[in-house]
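J.: Sharing a structure below in C-alpha cells format, with a few things to ask.
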There are 2 protein chains.
Amino acid sequence: MLVVPLIERKRDGGALTPEEWSALVAAYTDGRIPDYQMAALLMAVLLRGLERHELAALTDAMLASGQRLAFDSWPTPRVDKHSTGGVGDKVSLVLTPLVAACGVAVPMMSGRGLGHTGGTLDKLEAIPGFRTVLSLAEIRAQVMKIGCAMIGQTPEIAPADRRIYALRDVTGTVEAIPLIAASIMSKKLAEGLNALVLDVKRGSGAFLPALEQSLELARTMIALGEDRGCPTVALLTAMDRPLGRACGNALETEEAILALRGEGPEDLMEVTYALGVEMLLAAGVEKTSKKARHRLENALGSGLAAEKFERMIEAQGGNPGVVEDASVLAQAKEVEVYKAPRTGVVVRVEPKVIGRAVVAMGGGRLKVEDPVDPTVEALAQAIVVADKLTAKPLPLVSHRVTKSGVEELTRPDSGRTSRSPR
Amino acid sequence: MLVVPLIERKRDGGALTPEEWSALVAAYTDGRIPDYQMAALLMAVLLRGLERHELAALTDAMLASGQRLAFDSWPTPRVDKHSTGGVGDKVSLVLTPLVAACGVAVPMMSGRGLGHTGGTLDKLEAIPGFRTVLSLAEIRAQVMKIGCAMIGQTPEIAPADRRIYALRDVTGTVEAIPLIAASIMSKKLAEGLNALVLDVKRGSGAFLPALEQSLELARTMIALGEDRGCPTVALLTAMDRPLGRACGNALETEEAILALRGEGPEDLMEVTYALGVEMLLAAGVEKTSKKARHRLENALGSGLAAEKFERMIEAQGGNPGVVEDASVLAQAKEVEVYKAPRTGVVVRVEPKVIGRAVVAMGGGRLKVEDPVDPTVEALAQAIVVADKLTAKPLPLVSHRVTKSGVEELTRPDSGRTSRSPR
C-alpha cells in the first residue's frame with residue numbers, strides 16, 4: 001500500500017477513511033509498514049488529532065487485530081480498572097485482589113512503563129517467578145477460579161496495540177489523547193467486561209497535565225466504551241506528586257503488599273477505595289457508595305484481600321511468600337540515602353523528575369529493545385524543601401465523569417468531599 | 001543520548017540548542033539513533049518549524065558531517081544551480097554543459113527523485129555506463145579539466161543529509177521549508193562555489209505550491225548562503241505544469257539532448273536561459289543580462305554545449321554516442337499510447353499526478369531500499385482536455401529574489417518582461 005500519501009493527508013489536517021485505518025493497522029502489525037513510517041504518522045496524529053470516526057476505526061482495527069476473552073454464561077460480573085499512568089501508582093496491585101475479594105471478577109490486562117511512568121507488569125515481575133504472560137485460556141480459567149488475574153497483553157489480544165504502544169514510548173508520541181484512548185480501549189474491550197472504571201491522572205506528572213485535557217481523555221474513552229456496549233466511568237485523580245511513598249518497581253510492589261496488610265499510606269488507600277467503590281457500583285454488587293466502601297474496608301481488614309493476592313501470585317507461578325516477607329523481592333544492588341539539605345517542609349515532590357530518574361537508572365526503557373531492571377529506586381532527588389508550605393496540592397480525587405457528564409467531587413456541597421483529604 | 005525529551009520539546013513548539021542539533025545529527029549519521037526516532041522528530045519539525053538559530057545549527061551540522069571540495073587558487077569561477085524539484089525538470093542536464101561552455105565551472109551535485117518529483121541522478125543513469133558516484137578528488141580533477149561534473153552526493157559530502165533525505169522521502173516529511181533549505185544548502189556549501197543560483201518552483205506540482213512559501217524558501221536559502229560567504233540568488237519558476245514534454249528518466253534525458261542540439265521545447269529553453277544568465281552574472285563573466293543571454297545562445301547554437309556534454313559523459317564512463325543517437329538510452333519495455341478522448345484544448349496537465357504515476361510504475365521510490373527503473377514513462381494520463389482554454393498558467397519565470405529583496409519579473413514596467421511568455 002502507498003503509505004506516504006496517507007501520512008501527508010493526516011499531516012495536512014485531513015482525515016483517513018475507516019478502510020484506510022484498518023489497512024494501515026493490519027499492515028503495520030504484519031511488518032509490511034516500517035517503524036519509521038508509523039512513527040511519522042503517529043507524530044502527525046499527535047499534532048493534528050483524529051476525527052471521531054477515525055478514532056473509532058483505529059480502535060476497532062486494533063481490537064480486531066487480535067482475539068477477545070469470552071466468559072460465555074458465567075454469571076460473576078467482570079469489571080476492570082485502568083489508569084492513564086503515573087509515578088508511584090501501585091493502585092492496581094492493591095485494587096485487583098481487593099475487588100476480587102468482594103465478589104467482582106477482575107481480568108486485568110496491564111502495560112509496561114511508558115515514558116516517565118511505571119508499568120504494573122514491571123512491578124509484578126519484581127516478584128520472583130511471577131508470570132505476566134498467560135494464554136487466553138489460562139486467564140479465563142484463573143479468573144473463573146480465583147476471581148482475578150494480572151497479566152500483560154497476550155500475543156492474542158490487540159497485537160497492533162502492542163507494537164504501536166512500544167513505538168510511541170520511544171518516539172515522543174505518548175501524549176496524544178486519541179492514541180492513548182485507542183490503546184487503552186482496544187485492550188479493555190477485549191477483556192469480556194461488564195463495565196470499566198478509569199483512573200485519569202491530572203497534574204504535572206500526568207501525560208496530560210491540564211484538567212481540560214484529562215476531562216477530554218475521560219470523555220473520549222467513555223464514548224468509545226459506551227458505544228461498544230461497555231459501561232464506562234472515570235475518576236480524575238491527582239498526579240502533581242507521586243502516589244504513596246515508593247517509586248521504582250520492587251519498592252512499589254512492597255508498598256502495595258503493605259497496603260493489603262492494612263499499612264498503606266493514606267493517599268494510596270483513598271485512591272484505591274474511590275476506584276473500588278466505582279467498580280462495585282458498576283458491577284451492581286452494591287447500591288450505594290457508602291456500602292461499597294464498607295465492603296472494601298472489610299475485605300482488606302479481614303485479610304481476605306491479601307489472601308486473594310497470595311492465591312493469584314501462586315496461580316501465576318510467583319512466590320506467594322512475598323506477602324508475608326517482602327525481602328524475597330528483587331533488591332537494589334546499591335542503596336544511597338539522600339538527607340534533606342536543610343530543616344524545613346517538603347513543598348514539592350515532582351513526579352516527572354522522579355520518573356525520569358527511574359528510567360535513566362534502568363527502571364524504564366530508552367529504546368524498544370531495552371530490558372528493565374526492577375531494582376531501581378529513586379525517592380529523594382526531586383524533593384523540594386523550603387521554610388513553609390506554599391503550593392497547594394491538587395485534591396486527590398477531584399472529578400467523576402460518566403456518559404451523562406462531569407461531577408466535581410471537591411465542592412463543599414458534594415457528599416463525597418469528606419473522602420478527599422485537603 | 002536521551003532523544004525522546006528532544007523530540008518532545010520540538011513537538012511542543014520549543015527549540016533545541018545548536019549543541020543538541022549537532023549531537024543529534026552526528027548520532028543519527030552514526031546509526032546510534034534509529035530511523036523511527038528521527039522520523040518522529042522530522043514530522044515535529046515539519047509541523048512546528050525551526051528557529052533561525054536552529055536552522056543554522058542543523059545546516060552546519062549536516063555540512064560538518066562530511067568533507068568539502070576545495071579548488072585552492074584555481075582562478076575559474078565556480079557557480080552551481082539547484083532546483084527545488086519538479087516534474088519534467090531536466091534543466092540541469094542542459095544547463096550544466098551550457099554554462100561550462102561559457103567559461104564558468106559547474107561542479108554540480110544532484111539528488112535522487114524525492115516524493116513525486118524526478119531526480120537528476122536517476123535521469124543521468126539512463127545513459128549506459130554513466131557513473132554518478134565519483135570521489136572528491138575525481139570531481140575536482142574533472143571540473144578543472146572539462147569545466148563541469150554531474151554527480152551524486154559522494155559518501156564524503158554531507159553524509160547526514162543523505163540519510164535524512166532518504167528518510168524524508170518515505171515518511172511524508174519532504175514539504176518542510178527548513179528541512180528543504182538545510183538539505184540543499186548543506187550540499188551546495190560543500191562544493192567550493194563562488195556563487196549559487198536557485199530555481200525555486202511554485203504552483204501545484206511544487207513541494208511548496210503557494211507563492212508565499214516559495215518566497216520564504218528562497219529567502220531562507222539565500223540567508224543561509226550569504227551568511228556563510230556564498231552569494232546566492234533565486235528565480236521563482238512555474239511548476240503548475242510539467243516542464244518540457246517528457247516525464248520519466250530516460251525520456252527526459254533524451255529531451256535534454258534534443259535541447260542541447262537546439263531542438264528543445266520553448267518553456268524548457270526559457271527557464272534554462274534565465275538560470276544561465278544568473279549564473280554568468282554571478283560568476284562575473286558578463287555584466288548584463290542581454291550579453292549573458294547572447295553568450296549562452298551562441299554556446300548552444302555553435303554546438304559547444306553539446307560537445308561539452310559529450311566530454312562530460314565520456315569522462316564519467318558513459319556512452320557519449322547518446323548525444324548523436326538517443327536510442328542507446330534505456331528503453332521502456334512496454335509502450336502504450338493514450339489518445340485524447342475527445343477533440344478539444346489541453347487545459348491542464350497536472351504535474352503531481354504525472355509524477356505519482358511515474359513513481360507507481362517504478363520510476364521513483366516507495367521505500368528507502370527500492371531500486372529505480374529508468375524506463376518508466378507517463379505522459380498523457382493527467383492531461384485534461386476541454387472545449388476551450390479556461391485556466392491561466394503561471395508565468396514561466398516570475399520572481400527574482402536576492403539578499404536585497406524580491407523583484408517581480410512579469411510586471412509591465414519590468415525590463416525582463418520580454419523574456420517571460422504570457
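Here's how to read the names in the C-alpha cells: chain A, B, ... by the order shown, residue numbers from 1 in each chain, ligand numbers from 1 in the order shown.
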May I ask you to extract the residues of chain B within 7 Å of chain A, using only C-alpha atoms, and to give them as a PyMOL selection string?
T.: chain B and resi 4+7-8+35-37+39-40+43-44+170-172
J.: So which residues touch Leu98 in chain A within 10 Å, counting only C-alpha atoms, skipping near sequence neighbours fewer than 4 positions away, as a PDB file with N, CA and C atoms, in the first residue's frame?
T.:
ATOM      1  N   SER A  92      -3.187  -0.702  41.117  1.00  0.00           N
ATOM      2  CA  SER A  92      -3.680  -1.964  40.538  1.00  0.00           C
ATOM      3  C   SER A  92      -3.346  -3.166  41.397  1.00  0.00           C
ATOM      4  N   LEU A  93      -2.142  -3.156  41.992  1.00  0.00           N
ATOM      5  CA  LEU A  93      -1.701  -4.312  42.779  1.00  0.00           C
ATOM      6  C   LEU A  93      -2.545  -4.491  44.044  1.00  0.00           C
ATOM      7  N   VAL A  94      -3.075  -3.385  44.558  1.00  0.00           N
ATOM      8  CA  VAL A  94      -3.918  -3.453  45.754  1.00  0.00           C
ATOM      9  C   VAL A  94      -5.375  -3.706  45.351  1.00  0.00           C
ATOM     10  N   CYS A 102     -14.294  -8.973  47.002  1.00  0.00           N
ATOM     11  CA  CYS A 102     -15.668  -8.505  47.201  1.00  0.00           C
ATOM     12  C   CYS A 102     -16.639  -9.155  46.216  1.00  0.00           C
ATOM     13  N   GLY A 103     -16.187 -10.169  45.471  1.00  0.00           N
ATOM     14  CA  GLY A 103     -17.105 -10.899  44.606  1.00  0.00           C
ATOM     15  C   GLY A 103     -17.242 -10.368  43.197  1.00  0.00           C
ATOM     16  N   VAL A 104     -16.354  -9.478  42.804  1.00  0.00           N
ATOM     17  CA  VAL A 104     -16.370  -8.972  41.426  1.00  0.00           C
ATOM     18  C   VAL A 104     -15.096  -9.459  40.739  1.00  0.00           C
ATOM     19  N   VAL A 106     -11.962  -9.618  38.264  1.00  0.00           N
ATOM     20  CA  VAL A 106     -11.107  -8.590  37.648  1.00  0.00           C
ATOM     21  C   VAL A 106     -10.092  -9.264  36.728  1.00  0.00           C
ATOM     22  N   CYS A 148      -9.514 -13.279  39.869  1.00  0.00           N
ATOM     23  CA  CYS A 148      -8.689 -12.217  39.279  1.00  0.00           C
ATOM     24  C   CYS A 148      -7.447 -12.791  38.612  1.00  0.00           C
ATOM     25  N   LEU A 260      -2.097  -3.970  51.373  1.00  0.00           N
ATOM     26  CA  LEU A 260      -3.026  -5.100  51.504  1.00  0.00           C
ATOM     27  C   LEU A 260      -3.036  -5.638  52.938  1.00  0.00           C
ATOM     28  N   THR A 272      -7.374   4.083  45.980  1.00  0.00           N
ATOM     29  CA  THR A 272      -7.773   2.683  45.803  1.00  0.00           C
ATOM     30  C   THR A 272      -9.246   2.488  46.183  1.00  0.00           C
ATOM     31  N   TYR A 273      -9.642   3.021  47.338  1.00  0.00           N
ATOM     32  CA  TYR A 273     -11.040   2.871  47.757  1.00  0.00           C
ATOM     33  C   TYR A 273     -11.996   3.582  46.792  1.00  0.00           C
ATOM     34  N   GLY A 276     -12.322   1.450  43.826  1.00  0.00           N
ATOM     35  CA  GLY A 276     -13.000   0.209  44.209  1.00  0.00           C
ATOM     36  C   GLY A 276     -14.503   0.421  44.356  1.00  0.00           C
ATOM     37  N   ARG A 295     -17.756  -2.463  52.387  1.00  0.00           N
ATOM     38  CA  ARG A 295     -17.420  -3.826  51.942  1.00  0.00           C
ATOM     39  C   ARG A 295     -15.929  -3.956  51.606  1.00  0.00           C
ATOM     40  N   LEU A 296     -15.402  -2.918  50.956  1.00  0.00           N
ATOM     41  CA  LEU A 296     -13.971  -2.933  50.612  1.00  0.00           C
ATOM     42  C   LEU A 296     -13.117  -2.901  51.877  1.00  0.00           C
ATOM     43  N   GLU A 297     -13.480  -2.043  52.818  1.00  0.00           N
ATOM     44  CA  GLU A 297     -12.698  -1.940  54.060  1.00  0.00           C
ATOM     45  C   GLU A 297     -12.713  -3.265  54.830  1.00  0.00           C
ATOM     46  N   ASN A 298     -13.850  -3.922  54.815  1.00  0.00           N
ATOM     47  CA  ASN A 298     -13.946  -5.230  55.477  1.00  0.00           C
ATOM     48  C   ASN A 298     -13.059  -6.271  54.805  1.00  0.00           C
ATOM     49  N   ALA A 299     -13.098  -6.276  53.464  1.00  0.00           N
ATOM     50  CA  ALA A 299     -12.289  -7.257  52.723  1.00  0.00           C
ATOM     51  C   ALA A 299     -10.808  -7.047  52.996  1.00  0.00           C
ATOM     52  N   LEU A 300     -10.401  -5.800  53.181  1.00  0.00           N
ATOM     53  CA  LEU A 300      -8.995  -5.515  53.473  1.00  0.00           C
ATOM     54  C   LEU A 300      -8.675  -5.871  54.928  1.00  0.00           C
ATOM     55  N   GLY A 303      -8.223  -9.501  55.998  1.00  0.00           N
ATOM     56  CA  GLY A 303      -7.113 -10.262  55.401  1.00  0.00           C
ATOM     57  C   GLY A 303      -7.503 -10.998  54.131  1.00  0.00           C
ATOM     58  N   LEU A 304      -8.781 -10.890  53.745  1.00  0.00           N
ATOM     59  CA  LEU A 304      -9.264 -11.605  52.568  1.00  0.00           C
ATOM     60  C   LEU A 304      -8.575 -11.103  51.284  1.00  0.00           C
ATOM     61  N   ALA A 305      -8.355  -9.806  51.206  1.00  0.00           N
ATOM     62  CA  ALA A 305      -7.719  -9.228  50.012  1.00  0.00           C
ATOM     63  C   ALA A 305      -6.279  -9.708  49.889  1.00  0.00           C
ATOM     64  N   ALA A 306      -5.550  -9.697  51.003  1.00  0.00           N
ATOM     65  CA  ALA A 306      -4.150 -10.158  50.987  1.00  0.00           C
ATOM     66  C   ALA A 306      -4.085 -11.631  50.594  1.00  0.00           C
ATOM     67  N   GLU A 307      -5.047 -12.398  51.100  1.00  0.00           N
ATOM     68  CA  GLU A 307      -5.082 -13.827  50.775  1.00  0.00           C
ATOM     69  C   GLU A 307      -5.365 -14.023  49.282  1.00  0.00           C
ATOM     70  N   LYS A 308      -6.264 -13.194  48.740  1.00  0.00           N
ATOM     71  CA  LYS A 308      -6.568 -13.265  47.304  1.00  0.00           C
ATOM     72  C   LYS A 308      -5.301 -12.973  46.482  1.00  0.00           C
ATOM     73  N   PHE A 309      -4.511 -12.004  46.949  1.00  0.00           N
ATOM     74  CA  PHE A 309      -3.267 -11.668  46.256  1.00  0.00           C
ATOM     75  C   PHE A 309      -2.313 -12.868  46.286  1.00  0.00           C
TER      76      PHE A 309
END
J.: Which of range 147-334 of chain A counts as alpha helix (DSSP H) under DSSP, as a PyMOL selection string please?
T.: chain A and resi 159-169+177-188+211-227+249-260+266-283+289-301+304-315
J.: DSSP says strand (DSSP E) for which residues of range 211-344 of chain B? Put them as a ChimeraX atom specification?
T.: /B:232-238
J.: Could you list, as a PyMOL selection string, every residue within 9 Å of range 261-269 of chain A, counting only C-alpha atoms and ignoring same-chain residues fewer than 5 positions away?
T.: chain A and resi 89-91+94+243-245+255-256+274+300-301+303+305-306+323+396+421
